[in-house]
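As provided, run-v9.txt (compact mmCIF, C-alpha atoms (C1' of nucleotides)) reads as follows.
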# COMPACT_ATOMS: atom_id res chain seq x y z
CA MET X 1 112.00 106.79 88.10
CA ILE X 2 114.90 105.03 89.79
CA ALA X 3 115.59 108.21 91.73
CA ARG X 4 111.95 108.33 92.82
CA LYS X 5 111.41 104.67 93.66
CA GLY X 6 114.77 102.98 93.96
CA LEU X 7 116.06 100.02 92.00
CA PRO X 8 113.67 97.42 93.43
CA GLY X 9 110.78 99.87 93.53
CA VAL X 10 110.73 100.36 89.77
CA THR X 11 108.33 97.90 88.17
CA LEU X 12 108.09 97.01 84.52
CA ALA X 13 104.52 98.26 84.56
CA ASP X 14 105.77 101.66 85.78
CA VAL X 15 108.30 101.80 82.99
CA ALA X 16 105.68 100.87 80.40
CA ARG X 17 103.29 103.52 81.66
CA GLU X 18 105.99 106.20 81.68
CA ALA X 19 107.18 105.14 78.23
CA GLY X 20 103.63 105.17 76.93
CA CYS X 21 103.71 101.61 75.66
CA GLY X 22 102.35 98.29 76.78
CA TYR X 23 103.81 96.09 79.45
CA GLY X 24 104.73 93.39 77.01
CA LEU X 25 106.91 95.64 74.89
CA VAL X 26 109.13 96.58 77.80
CA SER X 27 109.37 92.98 78.81
CA PHE X 28 110.10 91.88 75.24
CA HIS X 29 112.60 94.62 74.49
CA PHE X 30 114.74 94.29 77.64
CA GLU X 31 114.01 90.58 78.19
CA THR X 32 114.53 90.90 81.90
CA LYS X 33 114.29 93.51 84.63
CA ASP X 34 117.97 93.03 85.39
CA ARG X 35 118.86 93.93 81.84
CA LEU X 36 116.57 96.95 81.93
CA LEU X 37 118.36 98.29 84.99
CA LEU X 38 121.72 97.55 83.44
CA ALA X 39 120.68 99.51 80.35
CA ALA X 40 119.72 102.38 82.63
CA LEU X 41 123.15 102.25 84.27
CA ASP X 42 124.85 102.21 80.90
CA ALA X 43 122.84 105.26 79.86
CA LEU X 44 123.75 107.03 83.09
CA VAL X 45 127.44 106.29 82.67
CA GLU X 46 127.38 107.32 79.05
CA GLU X 47 125.62 110.58 79.80
CA TYR X 48 128.23 111.38 82.42
CA ARG X 49 131.09 110.40 80.16
CA VAL X 50 129.88 112.63 77.32
CA ALA X 51 129.44 115.63 79.60
CA TRP X 52 132.81 115.04 81.16
CA HIS X 53 134.71 114.77 77.88
CA ALA X 54 132.94 117.84 76.53
CA ARG X 55 133.95 119.95 79.51
CA SER X 56 137.45 118.56 79.58
CA ASP X 57 138.08 119.19 75.89
CA ALA X 58 136.87 122.77 76.22
CA HIS X 59 140.08 123.74 78.00
CA ALA X 60 143.72 123.41 77.17
CA ASP X 61 145.63 123.61 80.43
CA ALA X 62 145.44 121.20 83.30
CA ALA X 63 144.27 123.68 85.92
CA ALA X 64 141.34 124.81 83.82
CA LYS X 65 140.38 121.21 83.10
CA LEU X 66 140.42 120.46 86.82
CA LYS X 67 138.24 123.44 87.62
CA ALA X 68 135.84 122.36 84.90
CA LEU X 69 135.75 118.87 86.42
CA ILE X 70 134.85 120.33 89.79
CA ASP X 71 132.03 122.29 88.22
CA LEU X 72 130.81 119.22 86.39
CA ASP X 73 130.86 116.91 89.39
CA LEU X 74 129.40 119.29 91.92
CA GLY X 75 126.24 121.00 90.87
CA SER X 76 125.94 120.59 87.12
CA GLY X 77 123.04 119.25 85.11
CA VAL X 78 124.36 115.70 85.15
CA THR X 79 125.03 115.77 88.90
CA ASP X 80 121.83 117.09 90.37
CA ASP X 81 120.00 115.33 93.19
CA ARG X 82 118.05 113.15 90.83
CA HIS X 83 121.12 111.86 89.02
CA ILE X 84 123.04 111.28 92.22
CA ALA X 85 120.14 109.33 93.70
CA VAL X 86 120.48 106.96 90.76
CA TRP X 87 124.24 106.63 91.18
CA THR X 88 123.86 105.78 94.86
CA ALA X 89 121.10 103.30 94.08
CA PHE X 90 123.43 101.39 91.79
CA TRP X 91 126.36 101.74 94.18
CA ALA X 92 124.35 100.00 96.87
CA GLU X 93 123.81 96.95 94.66
CA THR X 94 127.34 96.78 93.31
CA SER X 95 128.65 94.35 95.87
CA ARG X 96 126.00 91.87 94.69
CA ASN X 97 126.05 92.52 90.96
CA ALA X 98 129.09 91.73 88.87
CA ASP X 99 127.76 93.70 85.88
CA TYR X 100 127.48 96.88 87.90
CA LYS X 101 130.90 96.27 89.38
CA ALA X 102 132.40 95.90 85.91
CA ARG X 103 130.82 99.17 84.76
CA PHE X 104 132.08 101.07 87.77
CA SER X 105 135.54 99.55 87.57
CA GLU X 106 135.87 100.58 83.98
CA LEU X 107 134.50 104.06 84.59
CA ASN X 108 136.87 104.48 87.48
CA ARG X 109 139.84 103.36 85.41
CA ALA X 110 138.95 105.81 82.64
CA TYR X 111 138.36 108.53 85.19
CA MET X 112 141.70 108.09 86.92
CA ALA X 113 143.47 107.78 83.59
CA ARG X 114 142.25 111.27 82.79
CA LEU X 115 142.58 112.78 86.24
CA GLU X 116 146.05 111.61 87.18
CA PRO X 117 147.89 113.25 84.26
CA LEU X 118 146.24 116.55 85.12
CA ILE X 119 147.46 116.36 88.69
CA ALA X 120 150.86 115.12 87.55
CA ALA X 121 151.25 118.02 85.11
CA ILE X 122 150.63 120.52 87.89
CA ALA X 123 152.71 118.59 90.39
CA VAL X 124 155.89 118.78 88.33
CA GLU X 125 155.57 122.56 88.22
CA GLU X 126 155.18 122.87 91.96
CA THR X 127 157.85 120.44 93.17
CA PRO X 128 155.54 117.77 94.51
CA PRO X 129 155.78 116.89 98.17
CA THR X 130 153.46 113.90 97.77
CA ASP X 131 152.66 111.22 95.27
CA TYR X 132 150.41 112.79 92.65
CA ARG X 133 148.42 109.54 92.55
CA LEU X 134 147.39 109.99 96.15
CA ILE X 135 146.29 113.55 95.41
CA ALA X 136 144.21 112.39 92.46
CA GLY X 137 142.74 109.54 94.50
CA GLY X 138 141.83 112.00 97.22
CA LEU X 139 140.06 114.32 94.83
CA SER X 140 138.10 111.47 93.33
CA ALA X 141 137.12 110.25 96.79
CA MET X 142 136.04 113.76 97.72
CA PHE X 143 133.70 113.92 94.76
CA ASP X 144 132.12 110.62 95.66
CA GLY X 145 131.86 111.60 99.30
CA LEU X 146 130.26 114.94 98.50
CA TRP X 147 127.75 113.11 96.34
CA VAL X 148 126.87 110.84 99.22
CA GLU X 149 126.55 113.76 101.58
CA SER X 150 124.32 115.59 99.15
CA GLN X 151 121.97 112.62 99.43
CA ILE X 152 122.07 111.82 103.11
CA GLY X 153 123.00 115.15 104.67
CA ASP X 154 121.32 118.48 104.91
CA MET X 155 122.66 119.74 101.59
CA ARG X 156 120.02 121.48 99.59
CA GLY X 157 120.38 123.89 96.71
CA GLU X 158 123.09 125.81 94.96
CA ARG X 159 124.63 127.35 98.06
CA ASP X 160 125.66 123.92 99.37
CA TRP X 161 127.05 122.92 96.00
CA ALA X 162 129.11 126.09 96.02
CA ARG X 163 130.47 125.05 99.40
CA ALA X 164 131.29 121.61 98.02
CA ARG X 165 133.23 123.21 95.18
CA SER X 166 135.05 125.39 97.70
CA ILE X 167 136.11 122.30 99.59
CA CYS X 168 137.65 120.86 96.44
CA ARG X 169 139.36 124.08 95.47
CA ALA X 170 140.76 124.38 98.98
CA TYR X 171 142.08 120.85 98.60
CA LEU X 172 143.87 121.66 95.36
CA ARG X 173 145.13 124.97 96.70
CA ALA X 174 146.64 123.24 99.70
CA PHE X 175 148.77 121.07 97.44
CA PHE X 176 149.30 123.56 94.63
CA PRO X 177 149.15 127.08 96.02
CA LYS X 178 150.77 128.64 92.94
CA THR X 179 148.40 127.10 90.41
CA PHE X 180 145.20 127.45 92.42
CA GLY X 181 145.38 131.04 93.62
CA ALA X 182 144.32 132.30 96.99
CA GLU X 183 140.94 133.82 96.24
CA ALA X 184 138.75 134.04 99.29
CA ASP X 185 136.85 130.77 99.34
CA ARG X 186 134.69 131.04 102.39
CA VAL X 187 131.09 129.92 102.02
CA MET E 188 122.42 89.66 106.15
CA ILE E 189 121.80 93.14 104.77
CA ALA E 190 125.35 93.16 103.41
CA ARG E 191 124.71 89.81 101.74
CA LYS E 192 121.24 90.44 100.34
CA GLY E 193 120.54 94.15 100.42
CA LEU E 194 117.72 95.97 102.18
CA PRO E 195 114.90 94.63 100.00
CA GLY E 196 116.50 91.18 99.73
CA VAL E 197 116.28 90.50 103.45
CA THR E 198 113.04 88.71 104.27
CA LEU E 199 111.48 88.26 107.67
CA ALA E 200 111.74 84.51 107.15
CA ASP E 201 115.51 84.89 106.65
CA VAL E 202 115.82 86.88 109.83
CA ALA E 203 113.80 84.32 111.77
CA ARG E 204 115.90 81.44 110.47
CA GLU E 205 119.16 83.24 111.31
CA ALA E 206 117.85 84.21 114.74
CA GLY E 207 116.70 80.65 115.39
CA CYS E 208 113.12 81.58 116.13
CA GLY E 209 109.81 81.40 114.34
CA TYR E 210 108.57 83.77 111.70
CA GLY E 211 105.81 85.10 113.89
CA LEU E 212 108.14 86.22 116.66
CA VAL E 213 110.14 88.44 114.35
CA SER E 214 106.96 89.85 112.94
CA PHE E 215 105.50 90.39 116.39
CA HIS E 216 108.61 91.88 117.92
CA PHE E 217 109.42 94.41 115.18
CA GLU E 218 105.81 94.86 114.03
CA THR E 219 106.92 95.74 110.54
CA LYS E 220 109.81 95.16 108.19
CA ASP E 221 110.45 98.89 108.04
CA ARG E 222 110.89 99.01 111.78
CA LEU E 223 113.19 95.98 111.69
CA LEU E 224 115.46 97.70 109.21
CA LEU E 225 115.36 100.90 111.20
CA ALA E 226 116.42 98.95 114.28
CA ALA E 227 119.29 97.55 112.26
CA LEU E 228 120.35 101.05 111.23
CA ASP E 229 120.17 102.23 114.82
CA ALA E 230 122.35 99.32 115.88
CA LEU E 231 124.84 100.13 113.12
CA VAL E 232 125.03 103.80 114.06
CA GLU E 233 125.36 102.97 117.73
CA GLU E 234 128.15 100.48 117.10
CA TYR E 235 130.02 103.08 115.11
CA ARG E 236 129.46 105.78 117.69
CA VAL E 237 130.77 103.65 120.53
CA ALA E 238 133.90 102.68 118.60
CA TRP E 239 134.48 106.26 117.59
CA HIS E 240 134.16 107.71 121.10
CA ALA E 241 136.38 105.00 122.50
CA ARG E 242 139.16 105.76 120.03
CA SER E 243 138.76 109.48 120.38
CA ASP E 244 138.90 109.42 124.18
CA ALA E 245 142.04 107.31 124.09
CA HIS E 246 144.10 110.33 123.02
CA ALA E 247 144.58 113.79 124.41
CA ASP E 248 145.82 115.98 121.58
CA ALA E 249 143.95 116.85 118.43
CA ALA E 250 146.48 115.40 115.98
CA ALA E 251 146.45 112.01 117.68
CA LYS E 252 142.65 112.03 117.76
CA LEU E 253 142.58 112.74 114.05
CA LYS E 254 144.99 109.93 113.28
CA ALA E 255 142.88 107.61 115.38
CA LEU E 256 139.81 108.69 113.45
CA ILE E 257 141.52 107.86 110.17
CA ASP E 258 142.40 104.43 111.49
CA LEU E 259 138.85 103.88 112.68
CA ASP E 260 137.18 104.97 109.46
CA LEU E 261 139.49 103.25 107.05
CA GLY E 262 140.13 99.61 107.73
CA SER E 263 139.03 98.95 111.30
CA GLY E 264 136.67 96.30 112.59
CA VAL E 265 133.63 98.55 112.32
CA THR E 266 134.49 99.66 108.79
CA ASP E 267 135.17 96.43 106.97
CA ASP E 268 133.51 95.55 103.67
CA ARG E 269 130.52 94.00 105.36
CA HIS E 270 129.80 97.05 107.49
CA ILE E 271 130.27 99.46 104.61
CA ALA E 272 127.92 97.46 102.41
CA VAL E 273 125.25 98.04 105.04
CA TRP E 274 125.98 101.75 105.23
CA THR E 275 125.72 102.14 101.47
CA ALA E 276 122.51 100.10 101.43
CA PHE E 277 120.90 102.56 103.83
CA TRP E 278 122.38 105.56 102.03
CA ALA E 279 120.68 104.49 98.84
CA GLU E 280 117.27 104.55 100.51
CA THR E 281 117.78 107.77 102.41
CA SER E 282 116.24 110.05 99.82
CA ARG E 283 113.02 108.07 100.20
CA ASN E 284 112.98 107.43 103.93
CA ALA E 285 112.66 110.27 106.41
CA ASP E 286 113.68 108.06 109.35
CA TYR E 287 116.97 107.16 107.73
CA LYS E 288 117.55 110.79 106.81
CA ALA E 289 116.97 111.86 110.41
CA ARG E 290 119.47 109.29 111.68
CA PHE E 291 122.13 110.34 109.21
CA SER E 292 121.55 114.04 109.79
CA GLU E 293 121.99 113.60 113.49
CA LEU E 294 125.05 111.41 113.12
CA ASN E 295 126.56 113.92 110.74
CA ARG E 296 125.90 116.78 113.14
CA ALA E 297 127.52 114.89 115.99
CA TYR E 298 130.40 113.89 113.75
CA MET E 299 131.15 117.42 112.58
CA ALA E 300 130.73 118.77 116.09
CA ARG E 301 133.61 116.52 117.12
CA LEU E 302 135.71 116.86 113.99
CA GLU E 303 135.64 120.62 113.51
CA PRO E 304 137.18 121.53 116.89
CA LEU E 305 140.06 119.15 116.20
CA ILE E 306 140.79 120.82 112.88
CA ALA E 307 140.29 124.26 114.41
CA ALA E 308 142.73 123.51 117.21
CA ILE E 309 145.42 122.59 114.73
CA ALA E 310 144.54 125.42 112.37
CA VAL E 311 145.20 128.13 114.96
CA GLU E 312 148.70 126.77 115.50
CA GLU E 313 149.54 126.76 111.83
CA THR E 314 148.16 130.14 110.77
CA PRO E 315 145.21 128.87 108.74
CA PRO E 316 145.08 129.77 105.08
CA THR E 317 141.54 128.38 104.71
CA ASP E 318 138.35 128.09 106.67
CA TYR E 319 138.82 125.15 109.05
CA ARG E 320 135.21 124.16 108.41
CA LEU E 321 135.99 123.52 104.77
CA ILE E 322 138.96 121.39 105.76
CA ALA E 323 136.83 119.35 108.14
CA GLY E 324 134.09 119.01 105.55
CA GLY E 325 136.64 117.82 103.02
CA LEU E 326 137.99 115.16 105.36
CA SER E 327 134.52 113.90 106.14
CA ALA E 328 133.70 113.76 102.43
CA MET E 329 136.93 111.87 101.78
CA PHE E 330 135.98 109.21 104.31
CA ASP E 331 132.58 108.75 102.73
CA GLY E 332 134.08 108.69 99.26
CA LEU E 333 136.69 106.13 100.19
CA TRP E 334 133.94 103.98 101.64
CA VAL E 335 132.06 104.16 98.39
CA GLU E 336 135.16 103.34 96.40
CA SER E 337 135.90 100.38 98.63
CA GLN E 338 132.51 99.02 97.58
CA ILE E 339 132.43 99.83 93.90
CA GLY E 340 136.10 99.98 92.99
CA ASP E 341 138.87 97.48 92.88
CA MET E 342 139.84 97.96 96.50
CA ARG E 343 140.50 94.72 98.20
CA GLY E 344 142.34 94.02 101.40
CA GLU E 345 144.59 95.81 103.83
CA ARG E 346 146.97 97.26 101.25
CA ASP E 347 144.20 99.35 99.73
CA TRP E 348 143.04 100.53 103.12
CA ALA E 349 146.60 101.60 103.85
CA ARG E 350 146.50 103.61 100.64
CA ALA E 351 143.21 105.20 101.68
CA ARG E 352 144.75 106.21 105.00
CA SER E 353 147.72 107.65 103.13
CA ILE E 354 145.37 109.79 101.06
CA CYS E 355 143.85 111.24 104.21
CA ARG E 356 147.20 111.84 105.87
CA ALA E 357 148.46 113.55 102.71
CA TYR E 358 145.37 115.74 102.87
CA LEU E 359 146.04 116.79 106.44
CA ARG E 360 149.75 117.23 105.75
CA ALA E 361 148.98 119.55 102.85
CA PHE E 362 147.09 121.89 105.16
CA PHE E 363 149.11 121.33 108.32
CA PRO E 364 152.68 120.40 107.38
CA LYS E 365 154.05 121.09 110.84
CA THR E 366 151.56 118.96 112.72
CA PHE E 367 151.39 116.05 110.28
CA GLY E 368 155.06 115.35 109.58
CA ALA E 369 156.59 114.46 106.25
CA GLU E 370 157.04 110.72 106.57
CA ALA E 371 157.17 108.95 103.23
CA ASP E 372 153.59 108.07 102.47
CA ARG E 373 153.79 106.39 99.12
CA VAL E 374 151.75 103.23 98.69
C1' DG T 375 99.35 88.61 52.87
C1' DT T 376 102.92 88.56 56.00
C1' DA T 377 106.52 89.90 59.16
C1' DG T 378 107.44 92.24 62.91
C1' DA T 379 105.86 95.51 66.35
C1' DC T 380 103.00 95.63 70.12
C1' DT T 381 99.30 94.41 73.67
C1' DG T 382 97.68 92.99 78.19
C1' DA T 383 95.47 89.00 80.56
C1' DT T 384 97.24 85.16 82.91
C1' DT T 385 100.47 82.47 85.68
C1' DG T 386 103.36 81.34 89.28
C1' DA T 387 106.35 82.80 92.76
C1' DT T 388 107.44 85.62 96.61
C1' DC T 389 106.62 87.93 100.72
C1' DA T 390 104.68 90.95 104.55
C1' DG T 391 101.41 90.77 107.75
C1' DT T 392 97.65 88.19 110.51
C1' DC T 393 95.88 85.15 113.77
C1' DA T 394 94.35 80.96 115.89
C1' DA T 395 96.71 77.48 118.17
C1' DT T 396 100.48 75.69 121.14
C1' DC T 397 103.88 75.87 124.65
C1' DA T 398 106.36 77.28 128.90
C1' DT T 399 106.33 79.33 133.29
C1' DG T 400 105.04 80.23 137.57
C1' DA T 401 101.32 81.23 140.97
C1' DC T 402 97.90 79.15 143.76
C1' DG T 403 95.14 75.94 146.36
C1' DA T 404 94.21 71.32 148.06
C1' DT M 405 103.86 67.53 146.73
C1' DC M 406 101.09 67.79 143.09
C1' DG M 407 97.57 69.23 139.96
C1' DT M 408 95.33 73.30 137.80
C1' DC M 409 95.00 77.40 135.76
C1' DA M 410 96.37 81.84 133.70
C1' DT M 411 99.45 84.66 131.34
C1' DG M 412 102.55 85.75 128.06
C1' DA M 413 105.83 83.96 124.75
C1' DT M 414 106.17 81.68 120.48
C1' DT M 415 104.79 79.20 116.37
C1' DG M 416 103.76 78.67 111.45
C1' DA M 417 99.85 78.08 108.23
C1' DC M 418 97.22 81.16 105.77
C1' DT M 419 95.82 85.46 103.14
C1' DG M 420 96.17 88.99 100.08
C1' DA M 421 98.98 91.81 97.44
C1' DT M 422 102.63 92.52 94.27
C1' DC M 423 105.25 91.66 90.38
C1' DA M 424 108.28 89.42 86.72
C1' DA M 425 107.72 86.67 83.05
C1' DT M 426 104.96 84.37 79.45
C1' DC M 427 102.26 83.97 75.45
C1' DA M 428 98.31 83.95 72.53
C1' DG M 429 96.59 87.21 70.08
C1' DT M 430 96.00 92.05 67.57
C1' DC M 431 97.59 95.76 64.93
C1' DT M 432 100.38 98.15 61.35
C1' DA M 433 103.21 98.93 57.36
C1' DC M 434 104.65 97.55 53.25
With the file now loaded, output its structure as structure tokens.
Amino acid sequence: MIARKGLPGVTLADVAREAGCGYGLVSFHFETKDRLLLAALDALVEEYRVAWHARSDAHADAAAKLKALIDLDLGSGVTDDRHIAVWTAFWAETSRNADYKARFSELNRAYMARLEPLIAAIAVEETPPTDYRLIAGGLSAMFDGLWVESQIGDMRGERDWARARSICRAYLRAFFPKTFGAEADRV
Amino acid sequence: MIARKGLPGVTLADVAREAGCGYGLVSFHFETKDRLLLAALDALVEEYRVAWHARSDAHADAAAKLKALIDLDLGSGVTDDRHIAVWTAFWAETSRNADYKARFSELNRAYMARLEPLIAAIAVEETPPTDYRLIAGGLSAMFDGLWVESQIGDMRGERDWARARSICRAYLRAFFPKTFGAEADRV
DNA sequence: GTAGACTGATTGATCAGTCAATCATGACGA
DNA sequence: TCGTCATGATTGACTGATCAATCAGTCTAC
């Protein structure tokens, strides 16, 4: 519903109708619209976190984990247009909402704490020319940027997600040519 | 005002007060709140476009133009926190507003039409290992992502912008080591 | 019988949009 | 030179709609 109507466009009456209960119950349960939206953000973050850990734990080596992260972030079930519309909706309010900011700060910390060691592990094998932290920060920024562009640009459908994944693989290949082979990646 | 209060938080009465005129004049001049916001977006895009062309035209070679673009997008007067808060506010509504989408599509087209030739020009000199379009797309995504992170993350102040610029320079150096030298870029 | 789950009508606040009234400017004629 | 009028700019009170929050009451399960 947030994806369809935006954060301010969602009304408690809408939520009640969709949930199949009365208005009062929504109001009573969440106390306030702010808290309802915060609960939605928490659910969104948690859903992402679960999917992310699941994919990460499914692989042993750093390169495979990174590839799995690319697949998760760009075109998976938790990063389709609908989900991303919700992320961007919350992003837009973050500068005015300390609760949102806290959630994103913590998510970002956890994210970088998992991403940086992966990059570092590969970097030591390839005699790093650059700070691995910058490489990790760049990859993270790329994901966010590709999410934004999927919302505001002309991206539509799996082909464009495949291109987004190619962009990220090209990025990693540029830094780590040995680890991320030279398959043809033109889309 | 949009940066302070968000798109739905801005009221016509606020605008009138800030502009020092009566409520009715704002209402009469813009006809509708939607059109007022669209005018604000047009002004934002135009301001960016002017700054971008000015910086681009100030240099002759592609590498210098690219460096100027990095400086413009990450930490200049048209990309401070206030401006970026407005961009993200409009981004969040784009999936629901065809006018916004049209503006961003056109801006993106113009942006890539300028960016891709720069990358291509450098790529031919360095025997490209990857499609230059992917490299350009990655840089554009990085800019957007760093904007998002400046809003939602813990970025604050010039030091973090310097780090963001380092990320982009590291990106370009990874693809084009000859053109983008190997200065120490650790922040 | 009672506690807790649940309902939805009501209230009060906010806000976009409307419109009748006012004001400023300048043209025109005496 | 001065008064008069017309036009367009500008005002802000008012209207109607929307919506979060409240609360008095109903239902259900045990």
Find the spatial neighbours of DA398 of chain T, counting all atoms listed in the file, within a cut-off of 10 Å - ignore same-chain residues fewer than 6 positions away - and output them as a short mmCIF file (atom, residue, chain, number, x, y, z; two decimals) with C-alpha atoms (C1' of nucleotides), in the frame of the given file.
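Listing of around_39.cif after writing:
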data_model
loop_
_atom_site.label_atom_id
_atom_site.label_comp_id
_atom_site.auth_asym_id
_atom_site.auth_seq_id
_atom_site.Cartn_x
_atom_site.Cartn_y
_atom_site.Cartn_z
"C1'" DG M 412 102.55 85.75 128.06
"C1'" DA M 413 105.83 83.96 124.75
"C1'" DT M 414 106.17 81.68 120.48
#
Item to complete: Determine, counting all atoms listed in the file, which protein, DNA and RNA residues have an atom within 8 Å of an atom of segment 350-364 of chain E; residues of the same chain fewer than 2 positions away are not included. Present the result as number ranges by chain.
Response: X: 130, 134-135, 137-138, 171, 174-175; E: 254, 257-258, 261, 309-310, 313, 326, 329, 333, 346-348, 366-369, 372-374
Discussion item. Nearest residue to chain T out of X:Ser140, X:Ser105, X:Ser27, X:Thr88, using all atoms listed in the file?
Written reply: X:Ser27
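Atom CA of Pro195 of chain E is found 25.6 Å from atom CA of His29 of chain X.
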Worksheet item: Which polymer residues have any atom within 12 Å of an atom of DC418 of chain M, counting only C-alpha atoms (C1' of nucleotides), with same-chain residues fewer than 5 positions away left out, as a list in words?
Response: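 Counting only C-alpha atoms (C1' of nucleotides), the residues come to DG391, DT392, DC393 and DA394 of chain T.
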Discussion item. Set the cut-off to 10 Å and count only C-alpha atoms (C1' of nucleotides): what are the residues of chain E that reach chain M? Output as a PyMOL selection string.
Written reply: chain E and resi 208-213+215
Worksheet item: Which is closer to chain T than all the others in X:Gly6, X:Asp73, X:Ala136, X:Ala13, using only C-alpha atoms (C1' of nucleotides)?
Response: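 So, comparing all the options, the nearest one is X:Ala13.
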Practice prompt. Fewer than 4 positions away in the same chain doesn't count, so skip those; otherwise give me all residues within 8 Å of Trp147 of chain X, counting all atoms listed in the file, as a PyMOL selection string.
Written response: chain X and resi 74+84+143+151
Practice prompt. Return as a ChimeraX atom specification the residues belonging to chain E that are within 9 Å of chain T, counting all atoms listed in the file.
Written response: /E:198-200,214,218-220
Saved selection, atoms kept: C-alpha atoms, as a PDB file, in the coordinates of the input:
ATOM      1  CA  THR E 198     113.040  88.710 104.270  1.00  0.00           C
ATOM      2  CA  LEU E 199     111.480  88.260 107.670  1.00  0.00           C
ATOM      3  CA  ALA E 200     111.740  84.510 107.150  1.00  0.00           C
ATOM      4  CA  SER E 214     106.960  89.850 112.940  1.00  0.00           C
ATOM      5  CA  GLU E 218     105.810  94.860 114.030  1.00  0.00           C
ATOM      6  CA  THR E 219     106.920  95.740 110.540  1.00  0.00           C
ATOM      7  CA  LYS E 220     109.810  95.160 108.190  1.00  0.00           C
TER       8      LYS E 220
END
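If you look at atom CA of Thr266 of chain E and atom CA of Asn295 of chain E, they are 16.4 Å away from each other.
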Item to complete: May I ask for the distance between atom CA of His240 of chain E and atom CA of Ile339 of chain E, given in Å to one decimal place?
Response: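 That distance, rounded to one decimal, is 28.4 Å.
For Glu116 of chain X, the residues within 8 Å (counting only C-alpha atoms (C1' of nucleotides), excluding itself and residues fewer than 2 positions away along the chain) are Met112, Ala113, Arg114, Leu118, Ile119, Ala120, Tyr132, Arg133 and Ala136 of chain X.
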Fill in: Residue nearest chain E - candidates X:Ser56, X:Val50, X:Arg4, X:Ala43, atoms counted: only C-alpha atoms
X:Arg4
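Distance check against Trp274 of chain E using only C-alpha atoms: of X:Val148, X:Leu44, X:Ala64, X:Leu69, the minimum falls on X:Val148.
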Fill in: Top pick for closest residue to chain E, considering X:Ala68, X:Ala141, X:Tyr48, X:Asp80 and counting all atoms listed in the file
X:Ala141
Item to complete: Determine, counting all atoms listed in the file, every residue of protein, DNA or RNA that lies within 12 Å of (121.7, 101.9, 115.0) in the file coordinates, then give the result as a ChimeraX atom specification.
Response: /E:222-237,273-274,277,286-287,289-291,293-294
Pull N, CA and C atoms for segment 29-40 of chain X from the block and write them as a PDB file, in the first residue's frame.
ATOM      1  N   HIS X  29      -4.245  -0.671  17.952  1.00  0.00           N
ATOM      2  CA  HIS X  29      -3.072  -1.546  17.945  1.00  0.00           C
ATOM      3  C   HIS X  29      -1.772  -0.771  17.748  1.00  0.00           C
ATOM      4  N   PHE X  30      -1.767   0.180  16.803  1.00  0.00           N
ATOM      5  CA  PHE X  30      -0.527   0.904  16.499  1.00  0.00           C
ATOM      6  C   PHE X  30      -0.456   2.236  17.232  1.00  0.00           C
ATOM      7  N   GLU X  31      -1.553   2.617  17.883  1.00  0.00           N
ATOM      8  CA  GLU X  31      -1.621   3.869  18.640  1.00  0.00           C
ATOM      9  C   GLU X  31      -1.592   5.118  17.768  1.00  0.00           C
ATOM     10  N   THR X  32      -0.693   5.100  16.787  1.00  0.00           N
ATOM     11  CA  THR X  32      -0.490   6.326  16.034  1.00  0.00           C
ATOM     12  C   THR X  32      -0.072   5.975  14.610  1.00  0.00           C
ATOM     13  N   LYS X  33      -0.355   6.837  13.672  1.00  0.00           N
ATOM     14  CA  LYS X  33       0.033   6.532  12.292  1.00  0.00           C
ATOM     15  C   LYS X  33       1.551   6.458  12.177  1.00  0.00           C
ATOM     16  N   ASP X  34       2.240   7.333  12.881  1.00  0.00           N
ATOM     17  CA  ASP X  34       3.698   7.305  12.862  1.00  0.00           C
ATOM     18  C   ASP X  34       4.227   5.937  13.255  1.00  0.00           C
ATOM     19  N   ARG X  35       3.643   5.388  14.303  1.00  0.00           N
ATOM     20  CA  ARG X  35       4.127   4.085  14.765  1.00  0.00           C
ATOM     21  C   ARG X  35       3.783   2.977  13.775  1.00  0.00           C
ATOM     22  N   LEU X  36       2.642   3.121  13.132  1.00  0.00           N
ATOM     23  CA  LEU X  36       2.271   2.142  12.092  1.00  0.00           C
ATOM     24  C   LEU X  36       3.318   2.130  10.982  1.00  0.00           C
ATOM     25  N   LEU X  37       3.687   3.316  10.526  1.00  0.00           N
ATOM     26  CA  LEU X  37       4.670   3.393   9.443  1.00  0.00           C
ATOM     27  C   LEU X  37       6.023   2.874   9.902  1.00  0.00           C
ATOM     28  N   LEU X  38       6.357   3.175  11.150  1.00  0.00           N
ATOM     29  CA  LEU X  38       7.633   2.681  11.671  1.00  0.00           C
ATOM     30  C   LEU X  38       7.633   1.156  11.731  1.00  0.00           C
ATOM     31  N   ALA X  39       6.489   0.587  12.112  1.00  0.00           N
ATOM     32  CA  ALA X  39       6.377  -0.882  12.129  1.00  0.00           C
ATOM     33  C   ALA X  39       6.544  -1.445  10.725  1.00  0.00           C
ATOM     34  N   ALA X  40       5.999  -0.720   9.739  1.00  0.00           N
ATOM     35  CA  ALA X  40       6.147  -1.170   8.352  1.00  0.00           C
ATOM     36  C   ALA X  40       7.617  -1.138   7.946  1.00  0.00           C
TER      37      ALA X  40
END
